[in-house]
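Below is my_file-v7.tsv, which holds TSV, C-alpha atoms and all ligand atoms.
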chain	number	residue	atom	x	y	z
A	1	MET	CA	-60.27	113.66	101.79
A	2	SER	CA	-57.44	115.84	100.57
A	3	GLY	CA	-59.48	119.02	100.13
A	4	ILE	CA	-57.67	119.56	96.81
A	5	ALA	CA	-61.00	119.94	95.08
A	6	PHE	CA	-61.56	123.14	96.99
A	7	LYS	CA	-58.18	124.77	96.51
A	8	PRO	CA	-59.23	127.39	93.98
A	9	THR	CA	-61.38	130.12	95.44
A	10	HIS	CA	-63.84	132.52	93.94
A	11	ASP	CA	-61.40	135.32	94.76
A	12	LYS	CA	-59.35	134.55	91.70
A	13	ILE	CA	-62.08	135.41	89.22
A	14	ALA	CA	-60.91	138.21	86.98
A	15	VAL	CA	-63.49	140.98	87.22
A	16	MET	CA	-62.87	142.61	83.87
A	17	ALA	CA	-65.59	144.69	82.33
A	18	ASP	CA	-64.80	143.61	78.77
A	19	ILE	CA	-65.39	139.89	79.36
A	20	PRO	CA	-68.94	138.86	78.43
A	21	VAL	CA	-71.07	137.71	81.33
A	22	VAL	CA	-72.78	134.33	81.37
A	23	LEU	CA	-75.53	133.28	83.76
A	24	SER	CA	-77.45	130.04	83.97
A	25	GLY	CA	-79.08	127.76	86.50
A	26	ILE	CA	-80.54	124.33	87.14
A	27	GLN	CA	-83.29	123.41	89.59
A	28	PRO	CA	-82.36	121.11	92.49
A	29	SER	CA	-85.59	119.24	91.86
A	30	GLY	CA	-84.22	115.72	91.44
A	31	GLY	CA	-81.47	113.63	89.90
A	32	LEU	CA	-79.87	115.36	86.93
A	33	HIS	CA	-80.05	113.50	83.64
A	34	LEU	CA	-78.02	113.33	80.48
A	35	GLY	CA	-80.17	116.07	78.89
A	36	ASN	CA	-79.30	118.51	81.70
A	37	TYR	CA	-75.64	117.58	81.29
A	38	LEU	CA	-75.42	117.80	77.51
A	39	GLY	CA	-77.82	120.73	77.14
A	40	ALA	CA	-76.50	122.87	79.98
A	41	LEU	CA	-73.84	121.72	82.42
A	42	ARG	CA	-71.23	120.49	79.93
A	43	PRO	CA	-71.47	123.52	77.62
A	44	TRP	CA	-71.06	125.72	80.72
A	45	VAL	CA	-67.84	123.88	81.53
A	46	LEU	CA	-66.52	123.93	77.97
A	47	GLY	CA	-67.18	127.65	77.57
A	48	GLN	CA	-66.24	128.89	81.03
A	49	GLU	CA	-62.78	130.24	80.20
A	50	LYS	CA	-64.22	132.70	77.70
A	51	TYR	CA	-66.68	134.36	80.05
A	52	ARG	CA	-67.28	135.77	83.53
A	53	ASN	CA	-69.75	133.16	84.72
A	54	TYR	CA	-72.50	132.97	87.31
A	55	PHE	CA	-74.03	129.54	87.77
A	56	CYS	CA	-76.80	129.23	90.30
A	57	ILE	CA	-78.76	126.43	91.87
A	58	VAL	CA	-82.28	127.72	91.44
A	59	ASP	CA	-84.00	126.45	94.58
A	60	LEU	CA	-86.68	129.16	94.44
A	61	HIS	CA	-87.68	127.84	91.03
A	62	ALA	CA	-87.77	124.27	92.35
A	63	ILE	CA	-90.42	125.12	94.96
A	64	THR	CA	-92.91	126.13	92.26
A	65	VAL	CA	-93.87	122.46	92.59
A	66	TYR	CA	-93.87	120.85	96.04
A	67	GLN	CA	-90.46	119.69	97.26
A	68	ASP	CA	-89.84	117.78	100.44
A	69	PRO	CA	-87.92	120.39	102.51
A	70	LYS	CA	-85.25	118.00	103.82
A	71	LEU	CA	-84.71	116.52	100.39
A	72	LEU	CA	-84.52	119.94	98.76
A	73	ARG	CA	-81.71	120.95	101.10
A	74	GLU	CA	-79.82	117.76	100.29
A	75	GLN	CA	-80.41	118.10	96.56
A	76	THR	CA	-79.15	121.68	96.65
A	77	ARG	CA	-75.81	120.60	98.07
A	78	GLN	CA	-75.67	117.61	95.72
A	79	LEU	CA	-76.18	119.89	92.75
A	80	ALA	CA	-73.33	122.12	93.91
A	81	ALA	CA	-71.10	119.03	94.03
A	82	LEU	CA	-72.25	118.04	90.54
A	83	TYR	CA	-71.44	121.48	89.16
A	84	ILE	CA	-67.87	121.10	90.39
A	85	ALA	CA	-67.61	117.41	89.52
A	86	ALA	CA	-68.61	118.27	85.94
A	87	GLY	CA	-65.63	120.61	85.74
A	88	LEU	CA	-66.76	124.09	86.72
A	89	GLU	CA	-63.76	125.88	88.17
A	90	LEU	CA	-64.11	128.55	90.78
A	91	LYS	CA	-61.44	130.65	89.13
A	92	HIS	CA	-63.80	131.14	86.17
A	93	SER	CA	-67.25	130.59	87.62
A	94	THR	CA	-69.14	131.87	90.65
A	95	ILE	CA	-71.34	129.09	91.99
A	96	PHE	CA	-74.16	129.95	94.38
A	97	VAL	CA	-77.66	129.15	95.56
A	98	GLN	CA	-80.34	131.47	94.20
A	99	SER	CA	-82.14	131.93	97.55
A	100	HIS	CA	-78.89	133.03	99.22
A	101	VAL	CA	-78.88	136.17	97.06
A	102	ARG	CA	-81.93	138.11	98.17
A	103	ALA	CA	-81.79	140.58	95.30
A	104	HIS	CA	-83.22	137.93	92.92
A	105	VAL	CA	-86.54	137.97	94.72
A	106	GLU	CA	-86.67	141.73	95.05
A	107	LEU	CA	-85.90	142.23	91.37
A	108	SER	CA	-88.38	139.56	90.47
A	109	TRP	CA	-91.16	141.48	92.21
A	110	MET	CA	-90.23	144.75	90.52
A	111	LEU	CA	-90.21	143.03	87.12
A	112	THR	CA	-93.52	141.27	87.84
A	113	CYS	CA	-95.04	144.73	88.11
A	114	ILE	CA	-94.29	145.48	84.45
A	115	THR	CA	-95.05	142.02	83.02
A	116	PRO	CA	-98.46	141.51	81.39
A	117	MET	CA	-100.32	138.34	82.36
A	118	GLY	CA	-100.81	137.52	78.68
A	119	TRP	CA	-97.05	137.04	78.22
A	120	LEU	CA	-96.94	134.51	81.08
A	121	GLY	CA	-100.02	132.61	79.99
A	122	ARG	CA	-98.33	131.83	76.67
A	123	MET	CA	-95.33	130.05	78.21
A	124	THR	CA	-95.39	126.43	77.10
A	125	GLN	CA	-93.58	125.21	80.23
A	126	PHE	CA	-96.37	126.74	82.33
A	127	LYS	CA	-98.99	125.08	80.15
A	128	ASP	CA	-97.20	121.72	80.38
A	129	LYS	CA	-96.66	121.85	84.13
A	130	SER	CA	-100.08	123.17	85.05
A	131	GLY	CA	-101.50	120.55	82.67
A	132	ASN	CA	-105.08	119.67	83.40
A	133	THR	CA	-105.18	121.43	86.77
A	134	GLU	CA	-108.06	123.89	87.06
A	135	ALA	CA	-106.83	127.51	86.82
A	136	GLU	CA	-108.40	128.07	90.26
A	137	SER	CA	-105.88	125.77	91.93
A	138	VAL	CA	-102.67	126.25	89.90
A	139	GLN	CA	-99.98	127.73	92.16
A	140	THR	CA	-99.21	131.33	91.25
A	141	GLY	CA	-95.48	130.61	91.57
A	142	LEU	CA	-95.64	128.32	88.57
A	143	TYR	CA	-97.23	131.13	86.60
A	144	ILE	CA	-94.76	133.89	87.50
A	145	TYR	CA	-91.74	131.55	87.43
A	146	PRO	CA	-90.39	133.05	84.17
A	147	VAL	CA	-90.20	136.51	85.77
A	148	LEU	CA	-87.97	135.11	88.50
A	149	MET	CA	-85.83	133.59	85.76
A	150	ALA	CA	-85.65	137.00	84.04
A	151	ALA	CA	-84.57	138.52	87.37
A	152	ASP	CA	-81.81	135.88	87.72
A	153	ILE	CA	-80.44	136.82	84.33
A	154	LEU	CA	-80.89	140.59	84.40
A	155	ALA	CA	-79.43	140.90	87.93
A	156	TYR	CA	-76.02	140.11	86.41
A	157	GLN	CA	-76.55	142.03	83.15
A	158	ALA	CA	-75.77	138.72	81.45
A	159	ASP	CA	-74.72	138.79	77.80
A	160	PHE	CA	-75.34	135.08	77.26
A	161	VAL	CA	-77.50	132.38	78.80
A	162	PRO	CA	-76.49	128.80	77.95
A	163	VAL	CA	-79.54	126.55	78.18
A	164	GLY	CA	-81.29	123.69	76.37
A	165	GLU	CA	-83.78	124.28	73.57
A	166	ASP	CA	-86.76	124.03	75.96
A	167	GLN	CA	-85.75	127.33	77.58
A	168	ARG	CA	-85.69	129.42	74.38
A	169	GLN	CA	-89.15	130.86	75.02
A	170	HIS	CA	-88.21	131.94	78.55
A	171	LEU	CA	-85.20	133.75	77.13
A	172	GLU	CA	-87.37	135.60	74.63
A	173	LEU	CA	-89.63	136.64	77.48
A	174	THR	CA	-86.62	137.89	79.45
A	175	ARG	CA	-85.64	140.08	76.50
A	176	ASP	CA	-89.22	141.37	76.24
A	177	ILE	CA	-89.31	142.24	79.94
A	178	ALA	CA	-85.94	144.00	79.74
A	179	THR	CA	-87.01	145.92	76.65
A	180	ARG	CA	-90.23	147.05	78.30
A	181	PHE	CA	-88.41	148.12	81.47
A	182	ASN	CA	-85.86	150.09	79.44
A	183	ARG	CA	-88.64	151.81	77.52
A	184	VAL	CA	-90.67	152.72	80.59
A	185	TYR	CA	-87.90	153.63	83.06
A	186	GLY	CA	-84.92	154.40	80.84
A	187	GLU	CA	-82.00	152.31	79.60
A	188	THR	CA	-81.17	149.90	82.46
A	189	PHE	CA	-80.75	146.32	81.26
A	190	LYS	CA	-78.61	144.66	78.63
A	191	LEU	CA	-80.59	142.29	76.40
A	192	PRO	CA	-79.28	138.75	77.03
A	193	ARG	CA	-78.90	136.24	74.22
A	194	PRO	CA	-79.48	132.49	74.47
A	195	LEU	CA	-76.61	130.11	73.81
A	196	ILE	CA	-78.34	126.95	72.63
A	197	GLY	CA	-76.53	124.02	71.09
A	198	HIS	CA	-73.11	125.70	71.29
A	199	ILE	CA	-69.79	123.95	71.99
A	200	GLY	CA	-70.72	120.31	71.63
A	201	ALA	CA	-74.11	120.65	73.28
A	202	GLY	CA	-77.02	118.29	72.80
A	203	ALA	CA	-79.69	120.99	72.86
A	204	LYS	CA	-82.58	118.55	73.12
A	205	ILE	CA	-82.05	115.00	74.35
A	206	MET	CA	-85.18	112.90	74.13
A	207	GLY	CA	-86.60	110.31	76.56
A	208	LEU	CA	-85.36	106.74	76.08
A	209	ASP	CA	-88.84	105.34	76.63
A	210	ASP	CA	-90.48	107.83	74.28
A	211	PRO	CA	-88.12	109.65	71.90
A	212	THR	CA	-90.79	112.15	70.93
A	213	LYS	CA	-90.73	113.65	74.47
A	214	LYS	CA	-87.77	115.59	75.90
A	215	MET	CA	-85.79	113.81	78.61
A	216	SER	CA	-87.05	115.38	81.83
A	217	LYS	CA	-86.03	115.30	85.50
A	218	SER	CA	-89.55	114.99	86.78
A	219	ASP	CA	-90.58	112.02	84.59
A	220	THR	CA	-91.02	109.07	86.92
A	221	ASN	CA	-90.76	106.20	84.43
A	222	PRO	CA	-87.52	104.44	85.45
A	223	GLY	CA	-86.61	103.75	81.80
A	224	HIS	CA	-87.07	107.39	80.73
A	225	ALA	CA	-83.84	109.17	81.67
A	226	ILE	CA	-80.17	108.37	82.13
A	227	ARG	CA	-79.34	109.95	85.48
A	228	LEU	CA	-75.81	111.28	85.82
A	229	LEU	CA	-75.29	109.27	88.99
A	230	ASP	CA	-76.78	106.00	87.70
A	231	PRO	CA	-74.30	103.13	88.14
A	232	PRO	CA	-72.78	101.88	84.83
A	233	GLU	CA	-74.85	98.69	84.80
A	234	GLN	CA	-78.06	100.65	85.14
A	235	ILE	CA	-77.08	103.04	82.34
A	236	LYS	CA	-76.37	100.07	80.08
A	237	ARG	CA	-79.66	98.41	80.96
A	238	LYS	CA	-81.64	101.57	80.25
A	239	ILE	CA	-79.97	102.15	76.89
A	240	MET	CA	-80.36	98.51	75.82
A	241	ARG	CA	-84.12	98.88	76.49
A	242	ALA	CA	-84.44	102.24	74.72
A	243	GLN	CA	-87.19	102.49	72.16
A	244	THR	CA	-85.94	102.18	68.56
A	245	ASP	CA	-87.71	102.10	65.23
A	246	SER	CA	-89.21	99.07	63.55
A	247	GLY	CA	-86.63	96.95	61.72
A	248	SER	CA	-83.43	95.69	63.24
A	249	ALA	CA	-80.57	97.64	61.66
A	250	VAL	CA	-79.72	101.32	61.34
A	251	ASP	CA	-80.73	102.94	58.07
A	252	VAL	CA	-79.39	106.47	58.27
A	253	GLN	CA	-81.57	107.73	55.41
A	254	ASN	CA	-84.74	106.69	57.22
A	255	ALA	CA	-83.79	106.86	60.89
A	256	GLY	CA	-86.75	107.46	63.23
A	257	PRO	CA	-86.66	109.46	66.49
A	258	GLY	CA	-85.37	106.59	68.69
A	259	VAL	CA	-82.32	105.81	66.56
A	260	THR	CA	-81.68	109.51	65.91
A	261	ASN	CA	-81.71	110.21	69.66
A	262	LEU	CA	-79.22	107.41	70.37
A	263	ILE	CA	-76.83	108.55	67.63
A	264	GLU	CA	-77.11	112.17	68.75
A	265	ILE	CA	-76.34	111.12	72.34
A	266	TYR	CA	-73.29	109.23	71.05
A	267	ARG	CA	-72.18	112.26	69.06
A	268	ALA	CA	-72.59	114.59	72.01
A	269	VAL	CA	-70.68	112.42	74.49
A	270	THR	CA	-67.83	111.50	72.14
A	271	GLY	CA	-67.53	114.79	70.27
A	272	ALA	CA	-67.69	112.88	66.94
A	273	THR	CA	-68.73	114.91	63.90
A	274	LYS	CA	-72.18	114.38	62.45
A	275	GLU	CA	-70.83	112.61	59.33
A	276	THR	CA	-68.45	110.30	61.25
A	277	ALA	CA	-71.06	109.24	63.79
A	278	TRP	CA	-73.85	108.63	61.31
A	279	ASP	CA	-71.65	106.94	58.68
A	280	SER	CA	-70.09	104.60	61.21
A	281	PHE	CA	-73.47	103.36	62.41
A	282	ASN	CA	-75.10	102.79	59.03
A	283	GLY	CA	-76.21	99.16	58.66
A	284	ILE	CA	-75.27	97.96	62.14
A	285	THR	CA	-77.87	96.21	64.29
A	286	TYR	CA	-79.80	98.13	66.91
A	287	GLY	CA	-78.21	95.91	69.56
A	288	ALA	CA	-74.69	96.85	68.41
A	289	LEU	CA	-75.64	100.54	68.22
A	290	LYS	CA	-76.97	100.46	71.78
A	291	THR	CA	-73.85	98.73	73.09
A	292	LYS	CA	-71.63	101.39	71.54
A	293	VAL	CA	-73.79	104.23	72.85
A	294	ALA	CA	-73.95	102.70	76.33
A	295	ASP	CA	-70.16	102.22	76.50
A	296	ALA	CA	-69.58	105.81	75.36
A	297	VAL	CA	-72.04	107.25	77.88
A	298	VAL	CA	-70.60	105.21	80.77
A	299	ALA	CA	-67.03	106.25	79.88
A	300	SER	CA	-67.96	109.92	79.61
A	301	LEU	CA	-69.70	109.96	83.00
A	302	GLU	CA	-67.12	107.96	84.92
A	303	PRO	CA	-64.79	110.86	85.85
A	304	LEU	CA	-67.77	112.99	86.93
A	305	GLN	CA	-69.15	110.20	89.10
A	306	ASN	CA	-65.81	109.60	90.82
A	307	ARG	CA	-65.25	113.26	91.50
A	308	TYR	CA	-68.80	113.68	92.79
A	309	ALA	CA	-68.33	110.87	95.32
A	310	GLU	CA	-65.13	112.52	96.53
A	311	LEU	CA	-66.72	115.98	96.87
A	312	MET	CA	-69.73	114.71	98.78
A	313	MET	CA	-67.36	113.55	101.49
A	314	SER	CA	-66.78	117.22	102.38
A	315	PRO	CA	-70.19	118.82	102.97
A	316	THR	CA	-68.76	121.59	105.13
A	317	GLU	CA	-66.39	122.69	102.39
A	318	LEU	CA	-69.20	122.60	99.85
A	319	ASP	CA	-71.31	124.82	102.09
A	320	ALA	CA	-68.38	127.19	102.54
A	321	LEU	CA	-67.86	127.60	98.83
A	322	LEU	CA	-71.58	128.25	98.32
A	323	LYS	CA	-71.45	130.92	100.99
A	324	GLU	CA	-68.46	132.53	99.33
A	325	GLY	CA	-70.21	132.32	95.93
A	326	ALA	CA	-73.33	134.00	97.32
A	327	GLY	CA	-71.19	136.84	98.67
A	328	LYS	CA	-69.62	137.46	95.26
A	329	ALA	CA	-72.92	137.18	93.45
A	330	SER	CA	-74.67	139.50	95.92
A	331	GLU	CA	-72.22	142.31	95.22
A	332	VAL	CA	-73.28	142.33	91.58
A	333	ALA	CA	-76.99	141.59	92.00
A	334	GLU	CA	-77.38	144.19	94.77
A	335	LYS	CA	-75.96	146.90	92.50
A	336	THR	CA	-78.54	146.06	89.84
A	337	ALA	CA	-81.35	145.97	92.40
A	338	ALA	CA	-80.27	149.40	93.70
A	339	LEU	CA	-80.27	150.79	90.17
A	340	VAL	CA	-83.74	149.37	89.50
A	341	ARG	CA	-85.10	150.73	92.80
A	342	ASN	CA	-83.72	154.09	91.87
A	343	ARG	CA	-85.23	154.02	88.38
A	344	MET	CA	-88.63	153.05	89.82
A	345	GLY	CA	-88.50	155.66	92.58
A	346	ILE	CA	-88.31	153.22	95.48
A	347	GLY	CA	-86.19	153.71	98.58
B	401	LIG	P1	-88.10	119.33	85.09
B	401	LIG	O1	-88.49	118.06	84.42
B	401	LIG	O2	-88.20	119.27	86.60
B	401	LIG	O3	-88.75	120.55	84.48
B	401	LIG	P2	-85.72	119.52	83.54
B	401	LIG	O4	-85.23	118.16	83.27
B	401	LIG	O5	-86.43	120.23	82.44
B	401	LIG	O6	-86.57	119.51	84.87
B	401	LIG	P3	-84.29	121.89	84.39
B	401	LIG	O7	-83.71	122.08	85.75
B	401	LIG	O8	-85.57	122.59	84.11
B	401	LIG	O9	-84.46	120.35	84.03
B	401	LIG	O10	-83.24	122.32	83.29
B	401	LIG	C1	-81.87	122.56	83.53
B	401	LIG	C2	-81.17	122.80	82.21
B	401	LIG	O11	-81.15	121.59	81.44
B	401	LIG	C3	-81.85	123.83	81.31
B	401	LIG	O12	-80.86	124.62	80.67
B	401	LIG	C4	-82.59	123.02	80.29
B	401	LIG	O13	-82.78	123.70	79.07
B	401	LIG	C5	-81.66	121.83	80.14
B	401	LIG	N1	-82.39	120.64	79.72
B	401	LIG	C6	-83.41	120.05	80.37
B	401	LIG	N2	-83.83	118.96	79.71
B	401	LIG	C7	-83.05	118.87	78.59
B	401	LIG	C8	-83.00	117.95	77.50
B	401	LIG	N3	-83.81	116.92	77.45
B	401	LIG	N4	-82.08	118.14	76.54
B	401	LIG	C9	-81.22	119.20	76.60
B	401	LIG	N5	-81.23	120.10	77.60
B	401	LIG	C10	-82.12	119.94	78.59
B	402	LIG	N1	-86.15	127.93	84.03
B	402	LIG	C1	-84.97	127.13	83.93
B	402	LIG	C2	-84.09	127.19	85.14
B	402	LIG	C3	-83.61	128.58	85.37
B	402	LIG	C4	-82.65	129.29	84.59
B	402	LIG	C5	-82.52	130.56	85.22
B	402	LIG	C6	-81.93	128.98	83.44
B	402	LIG	C7	-84.00	129.41	86.38
B	402	LIG	N2	-83.32	130.58	86.29
B	402	LIG	C8	-81.68	131.54	84.68
B	402	LIG	C9	-81.09	129.97	82.92
B	402	LIG	C10	-80.98	131.22	83.52
B	402	LIG	C11	-85.41	125.69	83.68
B	402	LIG	O1	-86.51	125.32	83.96
B	402	LIG	N3	-84.53	124.92	83.18
Final structure tokens representation of the file:
Amino acid sequence: MSGIAFKPTHDKIAVMADIPVVLSGIQPSGGLHLGNYLGALRPWVLGQEKYRNYFCIVDLHAITVYQDPKLLREQTRQLAALYIAAGLELKHSTIFVQSHVRAHVELSWMLTCITPMGWLGRMTQFKDKSGNTEAESVQTGLYIYPVLMAADILAYQADFVPVGEDQRQHLELTRDIATRFNRVYGETFKLPRPLIGHIGAGAKIMGLDDPTKKMSKSDTNPGHAIRLLDPPEQIKRKIMRAQTDSGSAVDVQNAGPGVTNLIEIYRAVTGATKETAWDSFNGITYGALKTKVADAVVASLEPLQNRYAELMMSPTELDALLKEGAGKASEVAEKTAALVRNRMGIG
């Protein structure tokens, strides 16, 4: 292993006040899928030069549902490698693990104290994840999860938060919490704005097995999601089995959710314009469409997969860069926590 991948260091990030700040995160709760890549990771990479970026691995969010401790540790490091393999560069982006920066938890508690329960009960992700579980036994962490997310964002006074469509409601809540804090304790937080569907993003990629449901990490059906580290043959097999509409050829005027999802995936991975992609597929068989989509997905993931394999050969260096990232992030988050303590009369 040459170590070349680690040459840039966080030190080179330009700390200039006039550059907008971006923060986002992904949970190390399982194998990342194409939706995570197209909705979040790739737009982060494509936009990174324009912003001062903080990208965290949100392990404290992951434990809102049970995670095997050993696996969680492994997945955390794997996600760091994926961030870099996808093209995040340490000269533009600070990469760190959420739990390494203690200020997130402290801020989260302080913000919990001004957040009404009614706001949290309305979150659709909470309703989906708590599902049919009796209120008596739903873990409280799942319920207050969005306040921790607000703390992640507000700790860095982020201007923008690039996420997939499913996170829009959490972003609105973050703005509500910040607004309430500012009103009660005086102007403290910037109001962050979501960046959804920007720079070639696929803001909502649907499941291959059921194109009416968003592609999701925690779905256990093997035909549901294209995982970023799936071998090419597996990706092809999954796409060839993807659910399409009735009929056998693409009719762009009447495309159903399955065909639409496949064409949108193609568009997102190739960067083709809407017109070009849709026009070029009109009238072709579903089999031919799937072959083209599968080839495009495999080609777009190949560099990431190669780089990931290389990075995972150097776990010590990965850990070192996460430590360095946490140091940089802490400097900023601690300042915000100190300001909030001061505003609230603590310490
Ligand atoms: P889980 O199923 O465990 O809730 P997830 O697949 O929703 O996981 P997250 O870690 O919650 O993944 O999300 C990471 C990022 O990926 C977020 O910005 C989220 O909006 C985005 N994302 C998740 N699923 C999709 C999707 N199907 N299409 C586009 N973006 C997505
Ligand atoms: N809630 C998000 C993950 C997340 C996040 C964040 C995203 C936690 N903290 C801060 C953006 C900014 C999710 O479930 N995808």
Within 7 Å of ligand LIG 401 (chain B), counting only C-alpha atoms and all ligand atoms, which protein or nucleic acid residues do you find, written as a PyMOL selection string? chain A and resi 25-29+33+35-40+162-167+202-206+214-219
Measuring between all atoms listed in the file, which one of A:Pro146, A:Gly30, A:Pro211, A:Pro43 shows the shortest distance to ligand LIG 402 (chain B)?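 Closest candidate: A:Pro146.
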Which residues sit within 6 Å of ligand LIG 402 (chain B), counting all atoms listed in the file, listed as number ranges by chain? A: 23-27, 58, 149, 152-153, 161
Region 261-265 of chain A environment, 9 Å, all atoms listed in the file, sequence neighbours closer than 2 positions dropped, as a ChimeraX atom specification: /A:34,38,202,205-208,211,239,242,244,256-259,267-270,274,277-278,281,289-290,293,297
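The two atoms in question, CA of Arg180 (chain A) and CA of Ala337 (chain A), are spaced 16.7 Å apart.
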Which residues, written as number ranges by chain, have at least one atom at most 12 Å from Leu71 (chain A), with all atoms listed in the file counted and residues fewer than 6 positions away on the same chain left out? A: 28-31, 59, 62-63, 77-79
Would you compute the distance between CA of Leu88 (chain A) and CA of Leu311 (chain A)? Give it in Å to one decimal. 13.0 Å
I need the residue nearest Ala294 (chain A) from this list: A:Lys238, A:His224, A:His100, A:Arg175. Use all atoms listed in the file for the distance.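 Looking only at the distances to Ala294 (chain A), the closest residue turns out to be A:Lys238.
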Which is closest to Tyr185 (chain A) among A:Arg73, A:Met110, A:Asp230, A:Ser130, if we use only C-alpha atoms?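 Between A:Arg73, A:Met110, A:Asp230, A:Ser130, the residue approaching Tyr185 (chain A) most closely is A:Met110.
The smallest atom-to-atom distance between Leu304 (chain A) and any of A:Ile196, A:Leu191, A:Val105, A:Leu228, using only C-alpha atoms, is found for A:Leu228.
With distances taken over all atoms listed in the file, A:Ala86 is the one residue among A:Ile114, A:Ala86, A:Ala225, A:Ala288 lying closest to Val45 (chain A).
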Could you work out an axis-aligned box for region 328-337 of chain A, taking every atom the file lists and adding 6 Å on each side, and report centre and edge lengths in Å to one decimal, as JSON?
{"center_x": -75.5, "center_y": 142.0, "center_z": 92.9, "size_x": 23.7, "size_y": 21.7, "size_z": 18.1}
